Amino acid sequence: MRTTVGIIGGGPAGLLLARLLHRAGIDCVVLESRTRSYVEQRQRAGMLEQGTVDALHEAGAAERLEAEGLVHQGIELRFDRERHHLDFPALTGGHTVTIYAQTEIVKDLVALQLADGPPLSFEAAALAVEQPESATPVVRFRHEGREQTLTCDWVAGCDGFHGISRATFPAGISSSYAHDYPYSWLGIMAEVPPSGGELIYARGERGFALHSMRSSSVSRLYLQVPVGTDPDGWPDDRVWDELAARFAIDADWTLNRGPITAKSVTSMRSYVHEPMRHGRLLLAGDAAHIVPPTGAKGLNLAVSDVRVLARALIELHRTGDAQLLDNYSELCLQRVWQATRFSDDMTRMLHARPDGDAFDHRMQLARLRRITASRHAAAELAADYSGLPLLT
Ligand code: FAD
Ligand code: DHB
């Protein structure tokens, strides 16, 4: 098989890149190791920056997002049994964010691609990228029980944190920077209306909790739990009791409880791989970097990488100018490090460290109080949360 851009991974990064290239007349092929239903059901992100919404518009993939996405005007911070609203439009000059699940973005992009897009193969696992330094790198992959090859002009490694693309970089040119946080998240999906219109980030001595949603009838909630937690050790009543304790305030507020339909534990890590390009292999999204989920930046970062990458490939295709492609890694990494810094700040400010002492606790409260007391500090958080500057 031969194509211009071989895309490894059919997550949000790979699928969006395929759509943007296809609309610009550049042919590509997407190889996805899992089944269609697996990638469409995998519960993950939900909060979209405006730049991510704009990118889905550009890709012609925002029809259902427009109809069903929930536009949010801010978030709530909870600590010391009090609630504090951060009004994003007022603090940022008009920014909002949108709740629309990653599962739905993936479903929309898969449906478009299968209807009129470039080839997309499920259960096609890339095994290796060969000769990335040459003019025609080759992706070796397994599909329908046999090994096959895809010869490309460019290869986009969009295969997430556990993919094979990053491992293709020679050790001599790779640097990676990582931090593992000493806690995890237990995430649940529940068939119950959200307990209010806003996302709530709550910090207490019992640990962090996050209230989010998927629709007017489905809630998405997260609880800080110890590393190594088995979700089976958390029967539904225990989850609801713990969430209610962590969100408790000295005012009238009730947590809505209902049937829990999914429960899973996620570890928390920051990781950045430099550079994001080797020869004709370009990494995008979780394949190159991951952030702890507290700032809701992972999917948004994947989308901003893809916007730059699509623009760079389109520019090369139309004008022969490779400058943006040559700057791809440097340009993306600037934003990646800012998102990593923001996600790390949010994570450290809101979680109780297992080895934390009274001093740590006071420092976290001082950081939170600075945000609620200073318009300047609140505006900085609101600007970072609602959209780090786009690079395109
Ligand atoms: P992925 O979604 O991981 O996609 C990679 C794809 O490549 C997968 O489909 C995989 O099956 C495939 N693949 C892997 N190896 C191969 C191979 N060898 N061959 C072929 N295919 C392969 N981000 C936000 O912005 N906002 C949030 O609110 C948010 N909340 C989150 C909550 C949780 C609990 C978690 C876990 C993550 C959250 N994130 C959030 C992060 C976000 O989900 C990821 O950053 C996002 O999925 C990255 O997209 P991607 O396409 O780069 O990678
Ligand atoms: C969601 C996840 C996050 O990590 C976050 O910070 C906000 C919202 C969500 O899944 O809705």
# chains A, B, ... in the order shown; residues from 1 in each chain; ligands from 1

call {"tool": "residues_near_ligand", "arguments": {"ligand": "ligand 2", "cutoff": "10 Å", "atoms": "only C-alpha atoms and all ligand atoms", "output": "PyMOL selection string"}}
result
chain A and resi 43-48+75+98-102+185+187-189+199-201+210-214+219-222+291-299+343+346-347+385

call {"tool": "select_by_dssp", "arguments": {"residues": "range 3-198 of chain A", "states": "strand (DSSP E or B)", "output": "ChimeraX atom specification"}}
result
/A:3-8,28-31,47-48,70-72,74-79,82-87,97-99,120-121,124-130,138-143,146-157,175-190

call {"tool": "atom_distance", "arguments": {"atom1": "CA of Thr35 in chain A", "atom2": "CA of Ala111 in chain A"}}
result
14.0 Å

call {"tool": "residues_near_ligand", "arguments": {"ligand": "ligand 1", "cutoff": "7 Å", "atoms": "only C-alpha atoms and all ligand atoms", "output": "PyMOL selection string"}}
result
chain A and resi 8-14+31-34+39+44-48+102+124-127+158-164+187+266+284-287+290+293+296-302

call {"tool": "write_last_selection", "arguments": {"atoms": "C-alpha atoms", "output": "PDB file, in the first residue's frame"}}
result
ATOM      1  CA  ILE A   8      -0.928   5.498  13.192  1.00  0.00           C
ATOM      2  CA  GLY A   9      -3.809   5.637  15.692  1.00  0.00           C
ATOM      3  CA  GLY A  10      -7.505   6.372  15.307  1.00  0.00           C
ATOM      4  CA  GLY A  11      -8.013   8.368  18.503  1.00  0.00           C
ATOM      5  CA  PRO A  12      -9.031  12.039  18.370  1.00  0.00           C
ATOM      6  CA  ALA A  13      -5.577  13.139  17.105  1.00  0.00           C
ATOM      7  CA  GLY A  14      -5.320  10.658  14.218  1.00  0.00           C
ATOM      8  CA  LEU A  31      -4.403   2.390  11.066  1.00  0.00           C
ATOM      9  CA  GLU A  32      -6.146   1.736  14.404  1.00  0.00           C
ATOM     10  CA  SER A  33      -5.223  -1.298  16.487  1.00  0.00           C
ATOM     11  CA  ARG A  34      -8.575  -1.580  18.349  1.00  0.00           C
ATOM     12  CA  VAL A  39     -12.536   3.400  20.465  1.00  0.00           C
ATOM     13  CA  ARG A  44     -12.142   9.866  28.781  1.00  0.00           C
ATOM     14  CA  ALA A  45     -12.156  13.615  28.325  1.00  0.00           C
ATOM     15  CA  GLY A  46     -15.075  15.985  28.292  1.00  0.00           C
ATOM     16  CA  MET A  47     -13.933  19.592  28.514  1.00  0.00           C
ATOM     17  CA  LEU A  48     -13.099  21.405  25.263  1.00  0.00           C
ATOM     18  CA  GLN A 102     -14.366  12.563  23.658  1.00  0.00           C
ATOM     19  CA  ALA A 124      -4.774  -2.864  12.195  1.00  0.00           C
ATOM     20  CA  ALA A 125      -1.866  -2.663  14.650  1.00  0.00           C
ATOM     21  CA  ALA A 126       1.305  -0.858  13.588  1.00  0.00           C
ATOM     22  CA  LEU A 127       4.341  -2.941  14.529  1.00  0.00           C
ATOM     23  CA  CYS A 158      -0.922   9.536  16.788  1.00  0.00           C
ATOM     24  CA  ASP A 159      -0.937   6.240  18.669  1.00  0.00           C
ATOM     25  CA  GLY A 160      -1.277   7.524  22.218  1.00  0.00           C
ATOM     26  CA  PHE A 161       0.987   7.001  25.197  1.00  0.00           C
ATOM     27  CA  HIS A 162       1.348   3.221  24.735  1.00  0.00           C
ATOM     28  CA  GLY A 163       1.871   3.284  20.962  1.00  0.00           C
ATOM     29  CA  ILE A 164       4.962   2.242  19.014  1.00  0.00           C
ATOM     30  CA  GLY A 187     -13.912   8.107  37.613  1.00  0.00           C
ATOM     31  CA  THR A 266      -6.633   6.396  36.128  1.00  0.00           C
ATOM     32  CA  ALA A 284       1.066  14.289  17.893  1.00  0.00           C
ATOM     33  CA  GLY A 285      -1.052  14.116  21.064  1.00  0.00           C
ATOM     34  CA  ASP A 286      -0.550  11.553  23.835  1.00  0.00           C
ATOM     35  CA  ALA A 287       2.103   9.775  21.729  1.00  0.00           C
ATOM     36  CA  ILE A 290       0.612  13.394  28.718  1.00  0.00           C
ATOM     37  CA  PRO A 293      -6.215  15.277  33.989  1.00  0.00           C
ATOM     38  CA  ALA A 296      -8.475  18.995  31.317  1.00  0.00           C
ATOM     39  CA  LYS A 297      -5.681  19.697  28.835  1.00  0.00           C
ATOM     40  CA  GLY A 298      -4.819  16.311  27.228  1.00  0.00           C
ATOM     41  CA  LEU A 299      -7.356  16.221  24.431  1.00  0.00           C
ATOM     42  CA  ASN A 300      -7.020  19.958  23.837  1.00  0.00           C
ATOM     43  CA  LEU A 301      -3.246  19.616  23.454  1.00  0.00           C
ATOM     44  CA  ALA A 302      -3.667  16.701  21.041  1.00  0.00           C
TER      45      ALA A 302
END

call {"tool": "residues_around", "arguments": {"residues": "Pro275 in chain A", "least_positions_apart": "3", "cutoff": "12 Å", "atoms": "only C-alpha atoms", "output": "PyMOL selection string"}}
result
chain A and resi 166+169-177+272+278-279+281-284+287-289+326-334+336

call {"tool": "closest_residue", "arguments": {"among": "A:Thr136, A:Gln50, A:Val106, A:Arg81", "to": "Ala251 in chain A", "atoms": "only C-alpha atoms"}}
result
A:Arg81

call {"tool": "residues_around", "arguments": {"residues": "Gln364 in chain A", "least_positions_apart": "3", "cutoff": "8 Å", "atoms": "only C-alpha atoms", "output": "number ranges by chain"}}
result
A: 348-350, 360-361, 367-368

call {"tool": "write_last_selection", "arguments": {"atoms": "C-alpha atoms", "output": "tab-separated table (two decimals), in the first residue's frame"}}
result
chain	number	residue	atom	x	y	z
A	348	ARG	CA	-0.67	20.02	43.28
A	349	MET	CA	-3.03	22.74	44.50
A	350	LEU	CA	-6.09	20.49	44.70
A	360	ASP	CA	1.29	21.56	52.75
A	361	HIS	CA	-2.36	21.93	53.64
A	367	ARG	CA	-2.90	29.29	46.76
A	368	LEU	CA	-6.65	28.79	46.49

call {"tool": "closest_residue", "arguments": {"among": "A:Met1, A:Val303, A:Ala377, A:Ala167", "to": "Phe141 in chain A", "atoms": "only C-alpha atoms"}}
result
A:Met1

call {"tool": "residues_around", "arguments": {"residues": "Ala378 in chain A", "least_positions_apart": "6", "cutoff": "12 Å", "atoms": "only C-alpha atoms", "output": "PDB file with N, CA and C atoms, in the first residue's frame"}}
result
ATOM      1  N   GLY A  74     -17.833  29.144  33.131  1.00  0.00           N
ATOM      2  CA  GLY A  74     -16.822  29.195  34.184  1.00  0.00           C
ATOM      3  C   GLY A  74     -16.779  27.886  34.931  1.00  0.00           C
ATOM      4  N   ILE A  75     -16.060  27.896  36.056  1.00  0.00           N
ATOM      5  CA  ILE A  75     -15.996  26.714  36.920  1.00  0.00           C
ATOM      6  C   ILE A  75     -16.186  27.169  38.365  1.00  0.00           C
ATOM      7  N   GLU A  76     -16.398  26.181  39.239  1.00  0.00           N
ATOM      8  CA  GLU A  76     -16.484  26.498  40.665  1.00  0.00           C
ATOM      9  C   GLU A  76     -15.310  25.850  41.383  1.00  0.00           C
ATOM     10  N   LEU A  77     -14.692  26.598  42.278  1.00  0.00           N
ATOM     11  CA  LEU A  77     -13.677  26.031  43.174  1.00  0.00           C
ATOM     12  C   LEU A  77     -14.324  25.872  44.547  1.00  0.00           C
ATOM     13  N   HIS A  84     -16.753  29.039  45.290  1.00  0.00           N
ATOM     14  CA  HIS A  84     -16.285  30.277  44.649  1.00  0.00           C
ATOM     15  C   HIS A  84     -16.429  30.108  43.144  1.00  0.00           C
ATOM     16  N   HIS A  85     -17.208  30.972  42.529  1.00  0.00           N
ATOM     17  CA  HIS A  85     -17.431  30.884  41.086  1.00  0.00           C
ATOM     18  C   HIS A  85     -16.369  31.701  40.337  1.00  0.00           C
ATOM     19  N   LEU A  86     -15.780  31.129  39.309  1.00  0.00           N
ATOM     20  CA  LEU A  86     -14.880  31.901  38.437  1.00  0.00           C
ATOM     21  C   LEU A  86     -15.625  32.152  37.129  1.00  0.00           C
ATOM     22  N   ASP A  87     -15.870  33.422  36.849  1.00  0.00           N
ATOM     23  CA  ASP A  87     -16.669  33.820  35.685  1.00  0.00           C
ATOM     24  C   ASP A  87     -15.720  34.032  34.494  1.00  0.00           C
ATOM     25  N   PHE A  88     -15.608  33.030  33.625  1.00  0.00           N
ATOM     26  CA  PHE A  88     -14.607  33.083  32.548  1.00  0.00           C
ATOM     27  C   PHE A  88     -14.816  34.259  31.589  1.00  0.00           C
ATOM     28  N   PRO A  89     -16.044  34.472  31.062  1.00  0.00           N
ATOM     29  CA  PRO A  89     -16.175  35.601  30.126  1.00  0.00           C
ATOM     30  C   PRO A  89     -15.732  36.922  30.751  1.00  0.00           C
ATOM     31  N   ALA A  90     -16.098  37.151  32.022  1.00  0.00           N
ATOM     32  CA  ALA A  90     -15.720  38.418  32.669  1.00  0.00           C
ATOM     33  C   ALA A  90     -14.209  38.490  32.898  1.00  0.00           C
ATOM     34  N   LEU A  91     -13.594  37.345  33.223  1.00  0.00           N
ATOM     35  CA  LEU A  91     -12.159  37.352  33.559  1.00  0.00           C
ATOM     36  C   LEU A  91     -11.252  37.324  32.332  1.00  0.00           C
ATOM     37  N   THR A  92     -11.794  36.847  31.194  1.00  0.00           N
ATOM     38  CA  THR A  92     -10.913  36.624  30.033  1.00  0.00           C
ATOM     39  C   THR A  92     -11.291  37.463  28.823  1.00  0.00           C
ATOM     40  N   ARG A 367      -2.846  29.185  48.229  1.00  0.00           N
ATOM     41  CA  ARG A 367      -2.899  29.290  46.758  1.00  0.00           C
ATOM     42  C   ARG A 367      -4.351  29.469  46.301  1.00  0.00           C
ATOM     43  N   LEU A 368      -5.239  28.690  46.893  1.00  0.00           N
ATOM     44  CA  LEU A 368      -6.649  28.791  46.495  1.00  0.00           C
ATOM     45  C   LEU A 368      -7.222  30.157  46.876  1.00  0.00           C
ATOM     46  N   ARG A 369      -6.865  30.624  48.075  1.00  0.00           N
ATOM     47  CA  ARG A 369      -7.406  31.927  48.517  1.00  0.00           C
ATOM     48  C   ARG A 369      -6.870  33.066  47.670  1.00  0.00           C
ATOM     49  N   ARG A 370      -5.655  32.922  47.199  1.00  0.00           N
ATOM     50  CA  ARG A 370      -5.097  33.965  46.323  1.00  0.00           C
ATOM     51  C   ARG A 370      -5.943  34.055  45.046  1.00  0.00           C
ATOM     52  N   ILE A 371      -6.368  32.897  44.533  1.00  0.00           N
ATOM     53  CA  ILE A 371      -7.171  32.909  43.304  1.00  0.00           C
ATOM     54  C   ILE A 371      -8.544  33.535  43.548  1.00  0.00           C
ATOM     55  N   THR A 372      -9.144  33.200  44.701  1.00  0.00           N
ATOM     56  CA  THR A 372     -10.487  33.732  44.919  1.00  0.00           C
ATOM     57  C   THR A 372     -10.455  35.188  45.397  1.00  0.00           C
ATOM     58  N   ASP A 384      -5.686  30.371  31.363  1.00  0.00           N
ATOM     59  CA  ASP A 384      -5.003  29.095  31.113  1.00  0.00           C
ATOM     60  C   ASP A 384      -6.015  27.969  30.911  1.00  0.00           C
ATOM     61  N   TYR A 385      -7.053  27.948  31.730  1.00  0.00           N
ATOM     62  CA  TYR A 385      -8.032  26.858  31.671  1.00  0.00           C
ATOM     63  C   TYR A 385      -8.830  26.910  30.370  1.00  0.00           C
ATOM     64  N   SER A 386      -9.250  28.122  29.999  1.00  0.00           N
ATOM     65  CA  SER A 386     -10.186  28.216  28.861  1.00  0.00           C
ATOM     66  C   SER A 386      -9.465  28.177  27.529  1.00  0.00           C
TER      67      SER A 386
END

call {"tool": "residues_around", "arguments": {"residues": "Gly60 in chain A", "least_positions_apart": "5", "cutoff": "9 Å", "atoms": "only C-alpha atoms", "output": "number ranges by chain"}}
result
A: 19-20, 23, 55, 112

call {"tool": "write_last_selection", "arguments": {"atoms": "N, CA and C atoms", "output": "short mmCIF file (atom, residue, chain, number, x, y, z; two decimals), in the first residue's frame"}}
result
data_model
loop_
_atom_site.label_atom_id
_atom_site.label_comp_id
_atom_site.auth_asym_id
_atom_site.auth_seq_id
_atom_site.Cartn_x
_atom_site.Cartn_y
_atom_site.Cartn_z
N ARG A 19 -9.06 13.99 8.78
CA ARG A 19 -10.17 14.80 8.24
C ARG A 19 -9.64 16.12 7.65
N LEU A 20 -8.72 16.75 8.38
CA LEU A 20 -8.19 18.04 7.90
C LEU A 20 -7.38 17.83 6.61
N ARG A 23 -9.77 17.07 3.61
CA ARG A 23 -10.46 18.27 3.10
C ARG A 23 -9.52 19.14 2.27
N ALA A 55 -11.44 23.91 15.87
CA ALA A 55 -10.78 22.94 15.01
C ALA A 55 -11.80 21.93 14.47
N LEU A 112 -17.84 10.28 9.76
CA LEU A 112 -17.50 11.09 8.58
C LEU A 112 -16.46 10.36 7.72
#

call {"tool": "residues_around", "arguments": {"residues": "Cys152 in chain A", "least_positions_apart": "3", "cutoff": "8 Å", "atoms": "only C-alpha atoms", "output": "PyMOL selection string"}}
result
chain A and resi 2-6+136-139+155

call {"tool": "closest_residue", "arguments": {"among": "A:Val29, A:Val192, A:Leu56, A:Leu243", "to": "Leu16 in chain A", "atoms": "only C-alpha atoms"}}
result
A:Leu56

call {"tool": "atom_distance", "arguments": {"atom1": "CA of Pro354 in chain A", "atom2": "CA of Asp80 in chain A"}}
result
19.0 Å

call {"tool": "closest_residue", "arguments": {"among": "A:Pro118, A:Ser215, A:Phe247, A:Gly387", "to": "Gly25 in chain A", "atoms": "only C-alpha atoms"}}
result
A:Pro118

call {"tool": "select_by_dssp", "arguments": {"residues": "range 116-236 of chain A", "states": "helix (DSSP H, G or I)", "output": "list in words"}}
result
Asp116, Arg166, Ala167, Thr168, Ala171, Gly172, Ile173, Pro231, Asp232, Gly233 and Asp236 of chain A

call {"tool": "write_last_selection", "arguments": {"atoms": "C-alpha atoms", "output": "compact mmCIF listing (two decimals), in the first residue's frame"}}
result
# COMPACT_ATOMS: atom_id res chain seq x y z
CA ASP A 116 -16.49 9.77 2.49
CA ARG A 166 7.76 7.20 20.05
CA ALA A 167 9.92 4.09 20.53
CA THR A 168 11.14 4.46 16.94
CA ALA A 171 17.94 6.94 21.95
CA GLY A 172 20.61 9.47 21.02
CA ILE A 173 18.11 12.13 19.93
CA PRO A 231 -12.44 -0.07 41.70
CA ASP A 232 -14.10 -3.22 43.08
CA GLY A 233 -13.19 -1.95 46.54
CA ASP A 236 -21.63 2.47 44.73

call {"tool": "closest_residue", "arguments": {"among": "A:Glu130, A:Ser165, A:Gly196, A:Asp27", "to": "Trp253 in chain A", "atoms": "only C-alpha atoms"}}
result
A:Gly196

call {"tool": "closest_residue", "arguments": {"among": "A:His351, A:Arg142, A:Arg307, A:His273", "to": "Ala59 in chain A", "atoms": "only C-alpha atoms"}}
result
A:Arg307
